[in-house]
>>> print(open('upload13.pdb').read())   # PDB, C-alpha atoms
ATOM      1  CA  ASP A   1      28.757-215.400  75.002
ATOM      2  CA  VAL A   2      31.123-213.912  77.587
ATOM      3  CA  GLY A   3      31.941-210.415  76.193
ATOM      4  CA  GLY A   4      28.463-209.561  75.008
ATOM      5  CA  GLY A   5      29.650-210.160  71.457
ATOM      6  CA  ASP A   6      26.250-211.221  70.153
ATOM      7  CA  GLY A   7      25.702-207.813  68.581
ATOM      8  CA  ALA A   8      22.426-207.274  70.417
ATOM      9  CA  GLY A   9      23.565-203.918  71.738
ATOM     10  CA  GLY A  10      23.421-204.703  75.442
ATOM     11  CA  GLY A  11      27.199-204.624  75.685
ATOM     12  CA  ALA A  12      27.352-201.332  73.780
ATOM     13  CA  ALA A  13      24.767-199.711  76.049
ATOM     14  CA  ALA A  14      26.631-200.888  79.132
ATOM     15  CA  ALA A  15      29.934-199.632  77.733
ATOM     16  CA  ALA A  16      28.409-196.259  76.896
ATOM     17  CA  ALA A  17      26.954-196.048  80.377
ATOM     18  CA  ALA A  18      30.400-196.855  81.765
ATOM     19  CA  GLY A  19      31.722-193.760  80.006
ATOM     20  CA  ARG A  20      33.659-195.378  77.166
ATOM     21  CA  ALA A  21      31.631-193.824  74.377
ATOM     22  CA  GLU A  22      33.723-192.105  71.728
ATOM     23  CA  ASP A  23      32.963-188.685  70.215
ATOM     24  CA  ASP A  24      31.614-190.279  67.035
ATOM     25  CA  GLY A  25      29.076-192.323  68.994
ATOM     26  CA  SER A  26      31.004-195.573  68.748
ATOM     27  CA  VAL A  27      31.977-197.471  71.842
ATOM     28  CA  GLU A  28      35.536-198.574  72.537
ATOM     29  CA  MET A  29      35.923-202.080  73.888
ATOM     30  CA  SER A  30      37.683-202.590  77.206
ATOM     31  CA  ALA A  31      40.903-204.584  77.251
ATOM     32  CA  LEU A  32      39.057-207.581  78.691
ATOM     33  CA  GLU A  33      36.366-207.345  76.006
ATOM     34  CA  LYS A  34      39.054-207.226  73.307
ATOM     35  CA  VAL A  35      40.819-210.301  74.692
ATOM     36  CA  THR A  36      37.515-212.158  75.041
ATOM     37  CA  GLU A  37      36.404-211.312  71.516
ATOM     38  CA  ALA A  38      39.837-212.160  70.101
ATOM     39  CA  ALA A  39      39.662-215.570  71.804
ATOM     40  CA  ARG A  40      36.239-216.166  70.262
ATOM     41  CA  LEU A  41      37.513-215.177  66.810
ATOM     42  CA  LYS A  42      40.585-217.403  67.246
ATOM     43  CA  ALA A  43      38.349-220.363  68.127
ATOM     44  CA  GLU A  44      36.243-219.698  65.013
ATOM     45  CA  GLY A  45      39.446-219.437  62.980
ATOM     46  CA  ASN A  46      40.627-222.759  64.376
ATOM     47  CA  ASP A  47      37.305-224.347  63.390
ATOM     48  CA  ALA A  48      37.619-222.942  59.850
ATOM     49  CA  PHE A  49      41.229-224.169  59.687
ATOM     50  CA  LYS A  50      40.173-227.705  60.642
ATOM     51  CA  LEU A  51      37.683-227.580  57.760
ATOM     52  CA  HIS A  52      40.460-226.436  55.388
ATOM     53  CA  LEU A  53      38.725-223.085  54.906
ATOM     54  CA  TRP A  54      42.051-221.268  54.731
ATOM     55  CA  ASP A  55      40.785-217.851  53.637
ATOM     56  CA  ALA A  56      38.049-217.812  56.277
ATOM     57  CA  ALA A  57      40.537-218.880  58.944
ATOM     58  CA  ALA A  58      43.014-216.165  57.928
ATOM     59  CA  THR A  59      40.257-213.547  57.980
ATOM     60  CA  LEU A  60      39.131-214.581  61.463
ATOM     61  CA  TYR A  61      42.709-214.531  62.755
ATOM     62  CA  SER A  62      43.143-211.081  61.170
ATOM     63  CA  ARG A  63      40.097-209.793  63.035
ATOM     64  CA  ALA A  64      41.499-211.212  66.275
ATOM     65  CA  ILE A  65      44.884-209.566  65.571
ATOM     66  CA  GLU A  66      43.150-206.196  65.188
ATOM     67  CA  LEU A  67      41.950-206.598  68.778
ATOM     68  CA  THR A  68      45.123-208.098  70.273
ATOM     69  CA  PRO A  69      48.033-207.152  68.001
ATOM     70  CA  THR A  70      50.706-208.506  70.342
ATOM     71  CA  ASN A  71      49.345-212.075  70.462
ATOM     72  CA  HIS A  72      52.063-214.141  68.764
ATOM     73  CA  VAL A  73      49.849-217.241  68.478
ATOM     74  CA  LEU A  74      47.409-215.400  66.210
ATOM     75  CA  TYR A  75      50.219-214.504  63.798
ATOM     76  CA  SER A  76      51.386-218.129  63.870
ATOM     77  CA  ASN A  77      47.901-219.407  63.108
ATOM     78  CA  ARG A  78      47.354-216.891  60.319
ATOM     79  CA  SER A  79      50.763-217.811  58.893
ATOM     80  CA  ALA A  80      49.713-221.466  58.756
ATOM     81  CA  ALA A  81      46.383-220.635  57.102
ATOM     82  CA  ARG A  82      48.065-218.424  54.514
ATOM     83  CA  ALA A  83      50.732-221.039  53.812
ATOM     84  CA  HIS A  84      47.986-223.544  53.018
ATOM     85  CA  MET A  85      46.454-221.111  50.509
ATOM     86  CA  GLY A  86      49.491-221.517  48.293
ATOM     87  CA  GLY A  87      50.720-219.076  45.700
ATOM     88  CA  THR A  88      53.584-216.663  46.089
ATOM     89  CA  ALA A  89      51.515-213.757  47.441
ATOM     90  CA  ALA A  90      49.926-215.857  50.184
ATOM     91  CA  LEU A  91      53.288-217.415  51.044
ATOM     92  CA  GLN A  92      54.871-213.970  51.337
ATOM     93  CA  LEU A  93      52.101-213.008  53.753
ATOM     94  CA  ALA A  94      52.627-216.277  55.651
ATOM     95  CA  LEU A  95      56.310-215.392  55.965
ATOM     96  CA  ALA A  96      55.529-211.873  57.197
ATOM     97  CA  ASP A  97      53.208-213.329  59.839
ATOM     98  CA  ALA A  98      55.825-215.868  60.912
ATOM     99  CA  GLN A  99      58.431-213.121  61.190
ATOM    100  CA  GLN A 100      56.045-211.035  63.323
ATOM    101  CA  CYS A 101      55.387-214.074  65.511
ATOM    102  CA  VAL A 102      59.133-214.545  66.060
ATOM    103  CA  THR A 103      59.572-210.823  66.738
ATOM    104  CA  LEU A 104      56.845-210.910  69.381
ATOM    105  CA  HIS A 105      58.040-214.149  71.008
ATOM    106  CA  PRO A 106      61.551-215.124  69.884
ATOM    107  CA  ARG A 107      61.741-217.976  72.417
ATOM    108  CA  TRP A 108      58.678-219.774  70.989
ATOM    109  CA  ALA A 109      59.902-222.577  68.738
ATOM    110  CA  LYS A 110      56.688-222.864  66.747
ATOM    111  CA  GLY A 111      57.160-219.363  65.320
ATOM    112  CA  HIS A 112      60.542-220.413  63.950
ATOM    113  CA  ALA A 113      58.923-223.519  62.450
ATOM    114  CA  ARG A 114      56.320-221.340  60.699
ATOM    115  CA  LYS A 115      59.073-219.095  59.356
ATOM    116  CA  GLY A 116      61.104-222.054  58.122
ATOM    117  CA  ALA A 117      58.068-223.607  56.459
ATOM    118  CA  ALA A 118      57.140-220.387  54.645
ATOM    119  CA  LEU A 119      60.704-219.865  53.437
ATOM    120  CA  HIS A 120      60.902-223.498  52.296
ATOM    121  CA  ALA A 121      57.632-223.165  50.361
ATOM    122  CA  LEU A 122      59.004-220.015  48.717
ATOM    123  CA  GLY A 123      62.090-221.953  47.615
ATOM    124  CA  ARG A 124      64.375-219.876  49.822
ATOM    125  CA  PHE A 125      66.215-222.934  51.101
ATOM    126  CA  ASP A 126      69.235-221.275  52.737
ATOM    127  CA  ALA A 127      67.039-218.862  54.687
ATOM    128  CA  ALA A 128      64.716-221.729  55.661
ATOM    129  CA  ILE A 129      67.667-223.758  56.945
ATOM    130  CA  ALA A 130      68.776-220.763  59.004
ATOM    131  CA  ALA A 131      65.248-220.306  60.417
ATOM    132  CA  TYR A 132      64.989-223.948  61.451
ATOM    133  CA  LYS A 133      68.454-223.861  63.030
ATOM    134  CA  GLU A 134      67.530-220.695  64.923
ATOM    135  CA  GLY A 135      64.435-222.481  66.205
ATOM    136  CA  LEU A 136      66.498-225.478  67.280
ATOM    137  CA  GLU A 137      68.629-223.109  69.350
ATOM    138  CA  VAL A 138      65.418-222.241  71.196
ATOM    139  CA  ASP A 139      64.184-225.843  71.489
ATOM    140  CA  ASP A 140      66.750-228.457  70.545
ATOM    141  CA  GLU A 141      64.248-231.264  71.146
ATOM    142  CA  SER A 142      61.573-230.029  68.715
ATOM    143  CA  GLU A 143      60.811-232.829  66.276
ATOM    144  CA  VAL A 144      58.832-230.374  64.116
ATOM    145  CA  LEU A 145      61.892-228.160  63.710
ATOM    146  CA  ALA A 146      64.226-231.118  63.175
ATOM    147  CA  ALA A 147      61.919-232.643  60.541
ATOM    148  CA  GLY A 148      61.514-229.280  58.818
ATOM    149  CA  LEU A 149      65.278-228.835  58.740
ATOM    150  CA  ARG A 150      65.796-232.317  57.261
ATOM    151  CA  ALA A 151      63.126-231.687  54.615
ATOM    152  CA  VAL A 152      64.534-228.338  53.509
ATOM    153  CA  GLU A 153      68.103-229.674  53.478
ATOM    154  CA  GLU A 154      66.928-232.511  51.212
ATOM    155  CA  ALA A 155      65.102-230.043  48.962
ATOM    156  CA  ALA A 156      68.182-227.817  48.780
ATOM    157  CA  GLU A 157      70.371-230.809  47.869
ATOM    158  CA  LYS A 158      67.884-231.935  45.215
ATOM    159  CA  ALA A 159      67.811-228.420  43.725
ATOM    160  CA  ARG A 160      71.628-228.301  43.747
ATOM    161  CA  ARG A 161      71.845-231.639  41.913
ATOM    162  CA  ALA A 162      69.261-230.489  39.365
ATOM    163  CA  ARG A 163      71.295-227.329  38.660
ATOM    164  CA  GLU A 164      74.469-229.365  38.226
ATOM    165  CA  ALA A 165      72.744-231.777  35.835
ATOM    166  CA  ARG A 166      71.914-228.975  33.416
TER     167      ARG A 166
END
>>> encode(input="upload13.pdb", output="structure tokens")
Amino acid sequence: DVGGGDGAGGGAAAAAAAGRAEDDGSVEMSALEKVTEAARLKAEGNDAFKLHLWDAAATLYSRAIELTPTNHVLYSNRSAARAHMGGTAALQLALADAQQCVTLHPRWAKGHARKGAALHALGRFDAAIAAYKEGLEVDDESEVLAAGLRAVEEAAEKARRAREAR
């Protein structure tokens, strides 16, 4: 385990010896240790995601975000996990994560796809269309964005027809 993250205390003793001990006796991780631990947590989150353990994946990504709060990929991954949980509250959190991902890296098309997907799942079709179109401005060859846009446009049209039929 590259950052001494096995909890055996060897890393903590070394960090304390290196002069990073805090007044309360805790030891602050170095930047490299934080990045290393966040990568480990992300990998565990990815494993949980593959097993459809959405809550566990989101929790692991959250722990990684605490260590590296400017890593846009972690917000994207947590957004996807939360979107799979379903329910309005989880979808709102998925949207917030997608928005943070886009804020951190506006030129990354996948963040726009996450935002569009969350908005679509929330039934906010016009906003989802706008998110997908914004993503296509970043990457006009993204099939994920194009497919998401087509799907939400179809859903919006279906909802419009249903309203008119009433």
>>> residues_around(input="upload13.pdb", residues="Ala113 (chain A)", least_positions_apart="4", cutoff="12 Å", atoms="only C-alpha atoms", output="JSON, numbers by chain")
{"A": [76, 77, 79, 80, 94, 95, 97, 98, 99, 101, 102, 106, 107, 108, 109, 117, 118, 119, 120, 128, 129, 130, 131, 132, 133, 134, 135, 136, 137, 138, 139, 142, 143, 144, 145, 146, 147, 148, 149, 152]}
>>> resolve_selection(input="upload13.pdb", expression="the PyMOL selection byres ((chain A and resi 74) around 12)", output="NGL selection string")
:A and (35 or 38-43 or 45-46 or 57-73 or 75-81 or 94 or 97-98 or 100-102 or 104-105 or 110-111)
>>> atom_distance(input="upload13.pdb", atom1="CA of Ala56 (chain A)", atom2="CA of His84 (chain A)")
11.9 Å
>>> atom_distance(input="upload13.pdb", atom1="CA of Ala90 (chain A)", atom2="CA of Ala156 (chain A)")
21.9 Å
>>> closest_residue(input="upload13.pdb", among="A:Ala162, A:Thr36, A:Gly123, A:His52", to="Gly87 (chain A)", atoms="all atoms listed in the file")
A:Gly123
>>> atom_distance(input="upload13.pdb", atom1="CA of Asp126 (chain A)", atom2="CA of Ala155 (chain A)")
10.4 Å
>>> closest_residue(input="upload13.pdb", among="A:Ala83, A:Ala89, A:Glu153, A:Arg163", to="Arg114 (chain A)", atoms="only C-alpha atoms")
A:Ala83
>>> axis_aligned_box(input="upload13.pdb", around="region 30-43 of chain A", padding_each_side="4 Å", output="lines of an AutoDock Vina configuration file")
center_x = 38.6
center_y = -211.5
center_z = 72.8
size_x = 12.7
size_y = 25.8
size_z = 19.9
>>> closest_residue(input="upload13.pdb", among="A:Glu37, A:Ser30, A:Phe125, A:Leu91", to="Glu154 (chain A)", atoms="all atoms listed in the file")
A:Phe125
>>> build_atoms(input="upload13.pdb", residues="region 144-155 of chain A", atoms="all heavy atoms", output="compact mmCIF listing (two decimals), in the coordinates of the input")
# COMPACT_ATOMS: atom_id res chain seq x y z
N VAL A 144 59.37 -231.15 65.24
CA VAL A 144 58.83 -230.37 64.12
C VAL A 144 59.96 -229.58 63.45
O VAL A 144 60.09 -229.58 62.22
CB VAL A 144 57.69 -229.45 64.58
CG1 VAL A 144 57.29 -228.47 63.49
CG2 VAL A 144 56.50 -230.26 65.04
N LEU A 145 60.77 -228.93 64.26
CA LEU A 145 61.89 -228.16 63.71
C LEU A 145 62.93 -229.08 63.06
O LEU A 145 63.43 -228.79 61.97
CB LEU A 145 62.54 -227.31 64.80
CG LEU A 145 61.73 -226.11 65.27
CD1 LEU A 145 62.28 -225.56 66.58
CD2 LEU A 145 61.72 -225.02 64.20
N ALA A 146 63.24 -230.19 63.72
CA ALA A 146 64.23 -231.12 63.18
C ALA A 146 63.74 -231.70 61.84
O ALA A 146 64.52 -231.80 60.88
CB ALA A 146 64.52 -232.23 64.18
N ALA A 147 62.47 -232.09 61.78
CA ALA A 147 61.92 -232.64 60.54
C ALA A 147 61.88 -231.59 59.45
O ALA A 147 62.19 -231.88 58.28
CB ALA A 147 60.52 -233.20 60.79
N GLY A 148 61.52 -230.36 59.80
CA GLY A 148 61.51 -229.28 58.82
C GLY A 148 62.90 -229.02 58.28
O GLY A 148 63.09 -228.81 57.07
N LEU A 149 63.89 -229.03 59.17
CA LEU A 149 65.28 -228.84 58.74
C LEU A 149 65.72 -229.95 57.79
O LEU A 149 66.29 -229.67 56.73
CB LEU A 149 66.20 -228.77 59.96
CG LEU A 149 67.69 -228.60 59.66
CD1 LEU A 149 67.96 -227.33 58.87
CD2 LEU A 149 68.48 -228.61 60.97
N ARG A 150 65.42 -231.20 58.14
CA ARG A 150 65.80 -232.32 57.26
C ARG A 150 65.13 -232.17 55.89
O ARG A 150 65.79 -232.35 54.85
CB ARG A 150 65.38 -233.66 57.88
CG ARG A 150 66.29 -234.14 58.99
CD ARG A 150 65.98 -235.59 59.40
NE ARG A 150 64.61 -235.81 59.83
CZ ARG A 150 64.17 -235.63 61.07
NH1 ARG A 150 65.00 -235.21 62.02
NH2 ARG A 150 62.91 -235.87 61.38
N ALA A 151 63.86 -231.81 55.88
CA ALA A 151 63.13 -231.69 54.62
C ALA A 151 63.71 -230.58 53.74
O ALA A 151 63.87 -230.76 52.52
CB ALA A 151 61.65 -231.43 54.88
N VAL A 152 64.02 -229.44 54.32
CA VAL A 152 64.53 -228.34 53.51
C VAL A 152 65.97 -228.62 53.07
O VAL A 152 66.38 -228.25 51.96
CB VAL A 152 64.38 -226.97 54.22
CG1 VAL A 152 65.40 -226.77 55.33
CG2 VAL A 152 64.48 -225.83 53.21
N GLU A 153 66.75 -229.30 53.90
CA GLU A 153 68.10 -229.67 53.48
C GLU A 153 68.04 -230.65 52.30
O GLU A 153 68.82 -230.52 51.35
CB GLU A 153 68.88 -230.29 54.65
CG GLU A 153 69.32 -229.25 55.66
CD GLU A 153 70.00 -229.83 56.90
OE1 GLU A 153 69.75 -231.03 57.22
OE2 GLU A 153 70.77 -229.09 57.54
N GLU A 154 67.11 -231.59 52.34
CA GLU A 154 66.93 -232.51 51.21
C GLU A 154 66.49 -231.77 49.95
O GLU A 154 66.98 -232.04 48.86
CB GLU A 154 65.91 -233.59 51.58
CG GLU A 154 66.41 -234.58 52.61
CD GLU A 154 65.32 -235.51 53.14
OE1 GLU A 154 64.21 -235.56 52.54
OE2 GLU A 154 65.56 -236.17 54.15
N ALA A 155 65.57 -230.82 50.11
CA ALA A 155 65.10 -230.04 48.96
C ALA A 155 66.23 -229.21 48.38
O ALA A 155 66.37 -229.10 47.15
CB ALA A 155 63.94 -229.15 49.37
